[in-house]
>>> print(open('start.csv').read())   # CSV, C-alpha atoms and all ligand atoms
chain,number,residue,atom,x,y,z
A,1,MET,CA,9.5,-80.6,46.7
A,2,ARG,CA,7.8,-77.4,45.6
A,3,HIS,CA,8.8,-75.6,42.4
A,4,ILE,CA,8.6,-71.8,42.4
A,5,GLU,CA,9.3,-69.6,39.4
A,6,LYS,CA,7.9,-66.2,40.5
A,7,VAL,CA,9.7,-63.8,42.8
A,8,ALA,CA,6.5,-62.8,44.5
A,9,ASP,CA,5.6,-66.5,45.2
A,10,MET,CA,9.0,-67.2,46.6
A,11,ALA,CA,8.9,-64.1,48.8
A,12,ALA,CA,5.5,-65.0,50.1
A,13,ALA,CA,6.6,-68.5,50.9
A,14,ALA,CA,9.7,-67.1,52.8
A,15,ARG,CA,7.4,-64.6,54.7
A,16,ARG,CA,5.1,-67.5,55.7
A,17,LEU,CA,8.0,-69.6,56.9
A,18,ALA,CA,9.4,-66.7,58.9
A,19,SER,CA,6.0,-66.1,60.6
A,20,GLU,CA,5.9,-69.8,61.5
A,21,GLY,CA,9.4,-69.4,63.1
A,22,LYS,CA,11.0,-71.9,60.6
A,23,SER,CA,14.6,-71.5,59.7
A,24,VAL,CA,15.6,-71.4,56.0
A,25,GLY,CA,18.9,-72.8,54.8
A,26,PHE,CA,19.6,-71.4,51.3
A,27,VAL,CA,21.7,-73.0,48.6
A,28,PRO,CA,22.2,-70.6,45.6
A,29,THR,CA,23.3,-72.4,42.4
A,30,MET,CA,23.5,-71.9,38.7
A,31,GLY,CA,22.2,-75.5,38.2
A,32,TYR,CA,23.7,-78.4,36.4
A,33,LEU,CA,24.1,-79.9,39.9
A,34,HIS,CA,27.0,-82.0,40.9
A,35,ASP,CA,28.1,-83.6,44.2
A,36,GLY,CA,29.5,-80.2,45.3
A,37,HIS,CA,26.1,-78.6,45.2
A,38,LEU,CA,24.5,-81.7,46.8
A,39,ALA,CA,27.0,-81.4,49.7
A,40,LEU,CA,25.8,-77.8,50.2
A,41,ALA,CA,22.2,-79.0,50.3
A,42,GLY,CA,23.2,-81.8,52.7
A,43,GLU,CA,24.7,-79.3,55.1
A,44,ALA,CA,21.7,-77.0,54.8
A,45,ARG,CA,19.4,-80.0,55.5
A,46,LYS,CA,21.3,-80.8,58.8
A,47,GLU,CA,21.0,-77.2,60.2
A,48,ASN,CA,17.6,-75.8,59.1
A,49,ASP,CA,13.9,-76.5,59.1
A,50,VAL,CA,13.5,-75.8,55.4
A,51,VAL,CA,16.0,-76.0,52.5
A,52,VAL,CA,15.6,-73.6,49.6
A,53,MET,CA,17.8,-74.0,46.5
A,54,SER,CA,17.9,-71.5,43.7
A,55,ILE,CA,18.8,-72.4,40.1
A,56,PHE,CA,19.5,-69.3,38.1
A,57,VAL,CA,22.2,-68.8,35.5
A,58,ASN,CA,22.9,-65.2,36.3
A,59,PRO,CA,23.5,-63.1,33.2
A,60,ALA,CA,24.9,-60.2,35.4
A,61,GLN,CA,28.0,-62.2,36.3
A,62,PHE,CA,29.0,-63.2,32.8
A,63,GLY,CA,31.2,-60.8,30.7
A,64,PRO,CA,31.0,-60.3,27.0
A,65,GLY,CA,32.4,-63.4,25.2
A,66,GLU,CA,32.0,-65.6,28.3
A,67,ASP,CA,30.0,-68.8,28.4
A,68,PHE,CA,26.5,-67.6,29.5
A,69,ASP,CA,24.7,-69.1,26.4
A,70,SER,CA,26.6,-72.4,26.5
A,71,TYR,CA,26.5,-72.8,30.3
A,72,PRO,CA,25.1,-76.3,30.8
A,73,ARG,CA,21.4,-76.4,31.8
A,74,ASP,CA,19.1,-79.3,32.6
A,75,LEU,CA,16.2,-78.4,35.0
A,76,GLU,CA,14.6,-81.8,35.0
A,77,ARG,CA,17.8,-83.6,36.0
A,78,ASP,CA,18.6,-80.9,38.6
A,79,ALA,CA,15.1,-81.1,40.1
A,80,ALA,CA,15.4,-84.9,40.6
A,81,LEU,CA,18.8,-84.5,42.3
A,82,ALA,CA,17.7,-81.6,44.5
A,83,GLU,CA,14.7,-83.5,45.7
A,84,LYS,CA,16.9,-86.5,46.6
A,85,ALA,CA,19.2,-84.2,48.5
A,86,GLY,CA,16.3,-83.0,50.7
A,87,VAL,CA,15.6,-79.7,49.1
A,88,ASP,CA,12.1,-78.5,50.0
A,89,ILE,CA,11.7,-75.5,47.6
A,90,LEU,CA,13.4,-75.2,44.2
A,91,PHE,CA,13.3,-71.6,43.1
A,92,HIS,CA,14.1,-71.2,39.4
A,93,PRO,CA,13.1,-67.8,38.1
A,94,SER,CA,13.7,-66.6,34.5
A,95,PRO,CA,16.1,-63.7,33.8
A,96,GLU,CA,13.1,-61.5,33.0
A,97,GLU,CA,11.6,-62.4,36.4
A,98,MET,CA,14.8,-61.6,38.3
A,99,TYR,CA,15.7,-58.5,36.3
A,100,PRO,CA,12.4,-56.9,35.1
A,101,GLU,CA,14.1,-53.5,34.7
A,102,ASP,CA,17.5,-52.6,33.6
A,103,SER,CA,18.6,-51.2,37.0
A,104,ASP,CA,21.5,-48.8,36.9
A,105,ILE,CA,22.2,-49.3,40.6
A,106,ARG,CA,25.6,-51.0,41.0
A,107,ILE,CA,26.9,-53.0,43.9
A,108,LEU,CA,30.7,-52.9,43.8
A,109,PRO,CA,32.9,-55.3,45.7
A,110,GLY,CA,36.1,-53.9,47.3
A,111,ARG,CA,39.7,-54.7,46.6
A,112,GLN,CA,39.2,-58.5,47.3
A,113,ALA,CA,37.7,-58.5,43.8
A,114,ASP,CA,40.8,-56.9,42.1
A,115,VAL,CA,42.9,-60.1,42.2
A,116,LEU,CA,42.6,-63.7,41.0
A,117,CYS,CA,39.4,-64.2,38.9
A,118,GLY,CA,38.3,-60.6,39.5
A,119,ALA,CA,41.4,-59.4,37.6
A,120,SER,CA,40.5,-61.4,34.4
A,121,ARG,CA,36.7,-61.2,34.7
A,122,PRO,CA,36.0,-57.5,35.4
A,123,GLY,CA,32.5,-57.0,36.7
A,124,HIS,CA,32.0,-60.7,37.6
A,125,PHE,CA,31.8,-60.2,41.3
A,126,ASP,CA,29.5,-57.1,40.9
A,127,GLY,CA,27.1,-59.5,39.2
A,128,VAL,CA,27.4,-62.1,41.9
A,129,LEU,CA,26.7,-59.5,44.7
A,130,LYS,CA,23.8,-58.1,42.7
A,131,VAL,CA,22.0,-61.5,42.3
A,132,LEU,CA,22.8,-62.6,45.9
A,133,THR,CA,21.4,-59.3,47.3
A,134,LYS,CA,18.2,-60.0,45.5
A,135,LEU,CA,18.1,-63.8,46.4
A,136,PHE,CA,18.8,-63.1,50.1
A,137,HIS,CA,16.0,-60.6,50.2
A,138,ILE,CA,13.6,-62.9,48.4
A,139,THR,CA,14.4,-66.1,50.3
A,140,ARG,CA,15.2,-64.6,53.8
A,141,PRO,CA,17.6,-67.4,54.8
A,142,GLU,CA,19.0,-67.8,58.3
A,143,ARG,CA,22.1,-69.5,56.7
A,144,ALA,CA,23.4,-69.7,53.2
A,145,TYR,CA,25.9,-72.3,51.9
A,146,PHE,CA,28.9,-71.8,49.6
A,147,GLY,CA,31.6,-74.1,48.4
A,148,GLN,CA,35.3,-73.4,49.3
A,149,LYS,CA,36.1,-74.2,45.6
A,150,ASP,CA,35.0,-70.7,44.8
A,151,ALA,CA,37.2,-69.3,47.5
A,152,GLN,CA,37.4,-65.7,46.2
A,153,GLN,CA,33.6,-65.6,45.8
A,154,LEU,CA,33.2,-66.9,49.3
A,155,ALA,CA,35.6,-64.4,50.8
A,156,ILE,CA,33.9,-61.5,49.1
A,157,ILE,CA,30.4,-62.6,50.1
A,158,GLU,CA,31.5,-63.0,53.8
A,159,THR,CA,32.9,-59.4,53.7
A,160,PHE,CA,29.7,-58.1,52.0
A,161,VAL,CA,27.3,-59.8,54.4
A,162,ARG,CA,29.3,-58.8,57.5
A,163,ASN,CA,29.9,-55.1,56.3
A,164,TYR,CA,26.3,-54.6,55.2
A,165,ASN,CA,24.5,-56.3,58.1
A,166,PHE,CA,22.7,-59.0,56.2
A,167,GLN,CA,20.9,-61.0,58.8
A,168,LEU,CA,22.3,-64.4,57.9
A,169,GLU,CA,25.2,-66.7,58.4
A,170,ILE,CA,27.5,-67.7,55.6
A,171,ARG,CA,28.6,-71.4,55.8
A,172,ARG,CA,31.8,-72.6,54.1
A,173,VAL,CA,31.6,-76.1,52.7
A,174,PRO,CA,34.8,-78.0,51.7
A,175,THR,CA,35.4,-78.6,48.0
A,176,VAL,CA,34.1,-82.0,46.7
A,177,ARG,CA,36.5,-83.8,44.4
A,178,GLU,CA,36.5,-86.6,41.9
A,179,GLU,CA,38.6,-89.7,42.9
A,180,ASP,CA,41.5,-88.3,40.9
A,181,GLY,CA,41.4,-85.0,42.8
A,182,LEU,CA,39.7,-82.8,40.1
A,183,ALA,CA,37.3,-80.4,41.8
A,184,LYS,CA,33.7,-81.1,40.9
A,185,SER,CA,32.4,-78.4,38.6
A,186,SER,CA,29.4,-78.0,36.2
A,187,ARG,CA,32.0,-77.0,33.6
A,188,ASN,CA,33.9,-80.3,33.8
A,189,VAL,CA,31.4,-81.8,31.3
A,190,ARG,CA,32.9,-79.5,28.6
A,191,LEU,CA,36.4,-81.0,28.8
A,192,SER,CA,37.5,-83.3,26.0
A,193,HIS,CA,38.6,-86.8,27.0
A,194,GLU,CA,42.2,-85.8,26.8
A,195,GLU,CA,41.6,-82.6,28.8
A,196,ARG,CA,39.7,-84.6,31.5
A,197,GLN,CA,42.8,-86.8,31.8
A,198,GLU,CA,45.1,-83.8,32.3
A,199,ALA,CA,42.9,-81.7,34.6
A,200,PRO,CA,43.7,-83.4,37.9
A,201,ALA,CA,47.2,-82.0,37.5
A,202,ILE,CA,45.8,-78.7,38.7
A,203,TYR,CA,45.0,-80.0,42.2
A,204,ALA,CA,48.2,-82.1,42.3
A,205,ALA,CA,50.2,-78.9,41.7
A,206,LEU,CA,48.3,-77.0,44.3
A,207,LYS,CA,48.6,-79.8,46.9
A,208,ASP,CA,52.4,-80.0,46.2
A,209,GLY,CA,52.6,-76.2,46.6
A,210,ALA,CA,50.8,-76.4,50.0
A,211,ARG,CA,53.2,-79.0,51.2
A,212,VAL,CA,56.3,-77.0,50.2
A,213,LEU,CA,54.8,-73.8,51.6
A,214,ARG,CA,54.3,-75.5,55.0
A,215,GLU,CA,57.8,-76.9,54.9
A,216,SER,CA,59.7,-73.8,53.6
A,217,GLY,CA,57.4,-70.9,54.3
A,218,ASP,CA,58.7,-69.5,51.0
A,219,PRO,CA,55.8,-68.3,48.8
A,220,GLU,CA,58.1,-67.2,45.9
A,221,LEU,CA,59.6,-70.7,45.7
A,222,VAL,CA,56.1,-72.3,45.8
A,223,LEU,CA,54.7,-70.0,43.2
A,224,GLY,CA,57.5,-70.8,40.8
A,225,MET,CA,57.0,-74.5,41.4
A,226,VAL,CA,53.2,-74.3,40.9
A,227,ARG,CA,53.4,-72.1,37.8
A,228,ASN,CA,56.0,-74.4,36.3
A,229,THR,CA,53.9,-77.6,36.9
A,230,LEU,CA,50.7,-75.9,35.5
A,231,GLY,CA,52.7,-74.7,32.5
A,232,ARG,CA,53.6,-78.3,31.7
A,233,ILE,CA,49.9,-79.4,31.3
A,234,PRO,CA,49.9,-79.9,27.5
A,235,ALA,CA,46.3,-78.8,26.6
A,236,ALA,CA,46.1,-76.0,29.2
A,237,GLU,CA,46.9,-72.3,29.5
A,238,THR,CA,47.4,-70.9,32.9
A,239,ASP,CA,45.2,-67.8,33.5
A,240,TYR,CA,46.7,-67.2,37.0
A,241,ALA,CA,48.4,-69.0,39.8
A,242,GLU,CA,48.8,-66.9,43.0
A,243,ILE,CA,49.5,-67.1,46.7
A,244,LEU,CA,47.6,-64.6,48.9
A,245,GLU,CA,46.5,-64.2,52.5
A,246,TYR,CA,43.0,-65.7,53.1
A,247,PRO,CA,40.3,-64.5,53.4
A,248,SER,CA,41.6,-60.9,53.0
A,249,LEU,CA,43.2,-61.7,49.6
A,250,ARG,CA,46.0,-59.2,50.4
A,251,PRO,CA,49.7,-60.1,49.8
A,252,LEU,CA,50.9,-62.8,52.1
A,253,ASN,CA,53.1,-61.4,55.0
A,254,PRO,CA,54.9,-62.8,58.0
A,255,GLU,CA,51.8,-62.2,60.2
A,256,SER,CA,49.4,-64.1,57.9
A,257,ARG,CA,47.6,-66.9,59.6
A,258,GLU,CA,46.1,-68.6,56.5
A,259,ALA,CA,47.2,-68.6,52.8
A,260,ILE,CA,45.4,-69.5,49.7
A,261,ILE,CA,47.2,-71.0,46.7
A,262,ALA,CA,44.7,-70.5,43.8
A,263,ALA,CA,44.9,-71.2,40.1
A,264,ALA,CA,42.7,-70.8,37.0
A,265,VAL,CA,43.5,-72.8,34.0
A,266,ARG,CA,42.0,-72.6,30.5
A,267,PHE,CA,41.3,-75.7,28.4
A,268,SER,CA,39.6,-75.5,25.0
A,269,GLY,CA,36.1,-76.2,26.4
A,270,ALA,CA,36.3,-74.7,29.9
A,271,ARG,CA,38.2,-72.5,32.3
A,272,LEU,CA,38.7,-74.3,35.6
A,273,ILE,CA,39.5,-72.9,39.0
A,274,ASP,CA,40.8,-74.6,42.1
A,275,ASN,CA,42.6,-73.7,45.4
A,276,VAL,CA,44.0,-75.0,48.6
A,277,LEU,CA,44.2,-73.2,52.0
A,278,VAL,CA,47.3,-73.5,54.1
A,279,THR,CA,47.5,-72.7,57.8
A,280,MET,CA,50.7,-70.7,58.4
A,281,GLU,CA,52.3,-72.0,61.6
A,282,GLY,CA,55.6,-70.4,61.2
A,283,LYS,CA,56.5,-67.1,59.6
A,284,THR,CA,56.8,-66.8,55.8
A,285,SER,CA,60.2,-65.7,54.4
A,301,LIG,O1,28.7,-70.0,42.7
A,301,LIG,C1,27.7,-69.9,41.9
A,301,LIG,O2,27.2,-70.8,41.3
A,301,LIG,C2,27.2,-68.5,41.6
A,301,LIG,O3,28.2,-67.5,41.5
A,301,LIG,C3,26.1,-68.0,42.6
A,301,LIG,C4,26.6,-67.9,44.0
A,301,LIG,C5,24.9,-69.0,42.5
A,301,LIG,C6,25.5,-66.7,42.2
A,301,LIG,O4,25.0,-66.7,40.9
>>> encode(input="start.csv", output="structure tokens", more="lines below")
Ligand code: PAF
Amino acid sequence: MRHIEKVADMAAAARRLASEGKSVGFVPTMGYLHDGHLALAGEARKENDVVVMSIFVNPAQFGPGEDFDSYPRDLERDAALAEKAGVDILFHPSPEEMYPEDSDIRILPGRQADVLCGASRPGHFDGVLKVLTKLFHITRPERAYFGQKDAQQLAIIETFVRNYNFQLEIRRVPTVREEDGLAKSSRNVRLSHEERQEAPAIYAALKDGARVLRESGDPELVLGMVRNTLGRIPAAETDYAEILEYPSLRPLNPESREAIIAAAVRFSGARLIDNVLVTMEGKTS
């Protein structure tokens, strides 16, 4: 596996691969890899000649007071895991390398970013689109891989790439979970023992909600139920629990074909997000 730190070197490698007719599968990450990231790399490995993974904790997507400084980092461990997962090029630039000048050009997502995490993390998705625009231009992928766990991010990226004619396909990869259902996340390491015991209740509440939504078609009933269950997790505070149409992230309506039930929950050490998608067969009430 080749390590690249400089933008110019990564761009040159991508140009060379393109001239050789090789397809690049790109896995953007912020590191501290877990099985969810390795599943993205596994999918990329199956479909492309070359797998490029980036590791970059992107300052542009963290707000003031968020966990940019304390975000877990371990490049040596990540490199070993990435190599085992079949990554060919690991691109890990510094913030100065990625953002050499304080650009005042902004990339603003649309109304998909006004809800869920976007409502409580203003500017977060601007920062995600900013770094991905740069990473897509630098790495020239044919396909890029994103986890369904970050469902709002995925929906916004799909819209962005489609609307702005980026020449790549976005691949959705299902959420990878611990045996007890907790979605794998780099932030899980920051849960206390007690919080770790309680955290699987998030997915349990969402799964129950999905079942009741399928049975009843009644989003209000489901929302009340999910909020109530999340509210009973002793060490947690619910940031939001919502049901929306997916991937538009508009309010659910009788014509909606797919719904997302999504939640964000704050523990002392970490804010966790999770979601489930529900195919709407009948009409919602
Ligand atoms: O999902 C993440 O880890 C980040 O938001 C991403 C896509 C790597 C952009 O920094």
>>> residues_near_ligand(input="start.csv", ligand="ligand LIG 301 (chain A)", cutoff="8 Å", atoms="all atoms listed in the file", output="list in words")
Val27, Pro28, Thr29, Met30, Gly31, Ser54, Ile55, Phe56, Val57, Asn58, Gln61, Gly127, Val128, Leu129, Val131, Leu132, Phe146, Gly147, Asp150 and Gln153 of chain A
>>> closest_residue(input="start.csv", among="A:Ala183, A:Ala210, A:Met225, A:Ala264", to="A:Val278", atoms="all atoms listed in the file")
A:Ala210
>>> atom_distance(input="start.csv", atom1="atom CA of A:Ala201", atom2="atom CA of A:Arg271")
14.1 Å
>>> atom_distance(input="start.csv", atom1="atom CA of A:Arg257", atom2="atom CA of A:Leu277")
10.4 Å
>>> residues_around(input="start.csv", residues="stretch 106-122 of chain A", least_positions_apart="6", cutoff="7 Å", atoms="only C-alpha atoms", output="list of chain:residue names")
A:Gly63, A:Leu129, A:Lys130, A:Ile156, A:Tyr240, A:Ser248, A:Leu249
>>> closest_residue(input="start.csv", among="A:Tyr32, A:Phe136, A:Phe125, A:Phe68", to="A:Val7", atoms="all atoms listed in the file")
A:Phe136
>>> closest_residue(input="start.csv", among="A:Ala82, A:Ala270, A:Ala204, A:Ala60", to="A:Ser103", atoms="all atoms listed in the file")
A:Ala60
>>> atom_distance(input="start.csv", atom1="atom CA of A:Pro72", atom2="atom CA of A:Asn188")
10.1 Å
>>> residues_near_point(input="start.csv", point="(34.1, -79.6, 50.7)", cutoff="9 Å", atoms="all atoms listed in the file", output="list in words")
Gly36, Ala39, Leu40, Gly147, Gln148, Lys149, Arg172, Val173, Pro174, Thr175, Val176 and Arg177 of chain A
>>> residues_around(input="start.csv", residues="A:Glu258", least_positions_apart="3", cutoff="8 Å", atoms="all atoms listed in the file", output="number ranges by chain")
A: 245-247, 277-280
>>> closest_residue(input="start.csv", among="A:Asp67, A:Asp78, A:Glu47, A:Glu142", to="A:Ala14", atoms="only C-alpha atoms")
A:Glu142
>>> residues_around(input="start.csv", residues="A:Lys6", least_positions_apart="4", cutoff="12 Å", atoms="only C-alpha atoms", output="compact mmCIF listing (two decimals) with C-alpha atoms, in the frame of the given file")
# COMPACT_ATOMS: atom_id res chain seq x y z
CA MET A 10 9.00 -67.20 46.60
CA ALA A 11 8.90 -64.10 48.80
CA ALA A 12 5.50 -65.00 50.10
CA ALA A 13 6.60 -68.50 50.90
CA SER A 54 17.90 -71.50 43.70
CA LEU A 90 13.40 -75.20 44.20
CA PHE A 91 13.30 -71.60 43.10
CA HIS A 92 14.10 -71.20 39.40
CA PRO A 93 13.10 -67.80 38.10
CA SER A 94 13.70 -66.60 34.50
CA PRO A 95 16.10 -63.70 33.80
CA GLU A 96 13.10 -61.50 33.00
CA GLU A 97 11.60 -62.40 36.40
CA MET A 98 14.80 -61.60 38.30
CA TYR A 99 15.70 -58.50 36.30
CA PRO A 100 12.40 -56.90 35.10
CA ILE A 138 13.60 -62.90 48.40
CA THR A 139 14.40 -66.10 50.30
>>> closest_residue(input="start.csv", among="A:Gly123, A:Gly217, A:Pro141, A:Gly209", to="A:Thr229", atoms="all atoms listed in the file")
A:Gly209
>>> closest_residue(input="start.csv", among="A:Ser186, A:Ser19, A:Asn275, A:Ser256", to="A:Asp74", atoms="all atoms listed in the file")
A:Ser186
>>> residues_around(input="start.csv", residues="A:Val276", least_positions_apart="4", cutoff="7 Å", atoms="all atoms listed in the file", output="PDB file with C-alpha atoms, keeping the file's coordinate frame")
ATOM      1  CA  LEU A 206      48.300 -77.000  44.300  1.00  0.00           C
ATOM      2  CA  LYS A 207      48.600 -79.800  46.900  1.00  0.00           C
ATOM      3  CA  ILE A 260      45.400 -69.500  49.700  1.00  0.00           C
ATOM      4  CA  ILE A 261      47.200 -71.000  46.700  1.00  0.00           C
ATOM      5  CA  ALA A 262      44.700 -70.500  43.800  1.00  0.00           C
TER       6      ALA A 262
END
>>> residues_around(input="start.csv", residues="A:Ile202", least_positions_apart="6", cutoff="8 Å", atoms="all atoms listed in the file", output="JSON, numbers by chain")
{"A": [182, 230, 263, 265, 274]}
>>> build_atoms(input="start.csv", residues="stretch 221-234 of chain A", atoms="N, CA, C and O atoms", output="PDB file, in the frame of the given file")
ATOM      1  N   LEU A 221      59.180 -69.399  46.154  1.00  0.00           N
ATOM      2  CA  LEU A 221      59.600 -70.700  45.700  1.00  0.00           C
ATOM      3  C   LEU A 221      58.386 -71.551  45.268  1.00  0.00           C
ATOM      4  O   LEU A 221      58.383 -72.178  44.204  1.00  0.00           O
ATOM      5  N   VAL A 222      57.339 -71.494  46.093  1.00  0.00           N
ATOM      6  CA  VAL A 222      56.100 -72.300  45.800  1.00  0.00           C
ATOM      7  C   VAL A 222      55.455 -71.820  44.545  1.00  0.00           C
ATOM      8  O   VAL A 222      55.054 -72.637  43.705  1.00  0.00           O
ATOM      9  N   LEU A 223      55.373 -70.513  44.394  1.00  0.00           N
ATOM     10  CA  LEU A 223      54.700 -70.000  43.200  1.00  0.00           C
ATOM     11  C   LEU A 223      55.420 -70.393  41.935  1.00  0.00           C
ATOM     12  O   LEU A 223      54.781 -70.813  40.955  1.00  0.00           O
ATOM     13  N   GLY A 224      56.741 -70.331  41.958  1.00  0.00           N
ATOM     14  CA  GLY A 224      57.500 -70.800  40.800  1.00  0.00           C
ATOM     15  C   GLY A 224      57.250 -72.209  40.474  1.00  0.00           C
ATOM     16  O   GLY A 224      57.031 -72.576  39.306  1.00  0.00           O
ATOM     17  N   MET A 225      57.201 -73.019  41.533  1.00  0.00           N
ATOM     18  CA  MET A 225      57.000 -74.500  41.400  1.00  0.00           C
ATOM     19  C   MET A 225      55.579 -74.733  40.769  1.00  0.00           C
ATOM     20  O   MET A 225      55.440 -75.483  39.804  1.00  0.00           O
ATOM     21  N   VAL A 226      54.572 -74.089  41.346  1.00  0.00           N
ATOM     22  CA  VAL A 226      53.200 -74.300  40.900  1.00  0.00           C
ATOM     23  C   VAL A 226      53.023 -73.851  39.451  1.00  0.00           C
ATOM     24  O   VAL A 226      52.474 -74.563  38.597  1.00  0.00           O
ATOM     25  N   ARG A 227      53.545 -72.663  39.149  1.00  0.00           N
ATOM     26  CA  ARG A 227      53.400 -72.100  37.800  1.00  0.00           C
ATOM     27  C   ARG A 227      54.079 -73.038  36.767  1.00  0.00           C
ATOM     28  O   ARG A 227      53.571 -73.278  35.675  1.00  0.00           O
ATOM     29  N   ASN A 228      55.243 -73.524  37.170  1.00  0.00           N
ATOM     30  CA  ASN A 228      56.000 -74.400  36.300  1.00  0.00           C
ATOM     31  C   ASN A 228      55.223 -75.702  36.022  1.00  0.00           C
ATOM     32  O   ASN A 228      55.105 -76.138  34.873  1.00  0.00           O
ATOM     33  N   THR A 229      54.649 -76.293  37.077  1.00  0.00           N
ATOM     34  CA  THR A 229      53.900 -77.600  36.900  1.00  0.00           C
ATOM     35  C   THR A 229      52.666 -77.305  36.023  1.00  0.00           C
ATOM     36  O   THR A 229      52.368 -78.082  35.106  1.00  0.00           O
ATOM     37  N   LEU A 230      51.943 -76.210  36.298  1.00  0.00           N
ATOM     38  CA  LEU A 230      50.700 -75.900  35.500  1.00  0.00           C
ATOM     39  C   LEU A 230      51.114 -75.666  34.038  1.00  0.00           C
ATOM     40  O   LEU A 230      50.413 -76.081  33.117  1.00  0.00           O
ATOM     41  N   GLY A 231      52.242 -75.010  33.844  1.00  0.00           N
ATOM     42  CA  GLY A 231      52.700 -74.700  32.500  1.00  0.00           C
ATOM     43  C   GLY A 231      53.032 -75.932  31.680  1.00  0.00           C
ATOM     44  O   GLY A 231      53.096 -75.874  30.451  1.00  0.00           O
ATOM     45  N   ARG A 232      53.225 -77.052  32.372  1.00  0.00           N
ATOM     46  CA  ARG A 232      53.600 -78.300  31.700  1.00  0.00           C
ATOM     47  C   ARG A 232      52.332 -79.138  31.311  1.00  0.00           C
ATOM     48  O   ARG A 232      52.450 -80.211  30.737  1.00  0.00           O
ATOM     49  N   ILE A 233      51.117 -78.683  31.677  1.00  0.00           N
ATOM     50  CA  ILE A 233      49.900 -79.400  31.300  1.00  0.00           C
ATOM     51  C   ILE A 233      49.686 -79.122  29.787  1.00  0.00           C
ATOM     52  O   ILE A 233      49.442 -77.967  29.413  1.00  0.00           O
ATOM     53  N   PRO A 234      49.790 -80.141  28.910  1.00  0.00           N
ATOM     54  CA  PRO A 234      49.900 -79.900  27.500  1.00  0.00           C
ATOM     55  C   PRO A 234      48.673 -79.050  26.922  1.00  0.00           C
ATOM     56  O   PRO A 234      48.886 -78.089  26.197  1.00  0.00           O
TER      57      PRO A 234
END
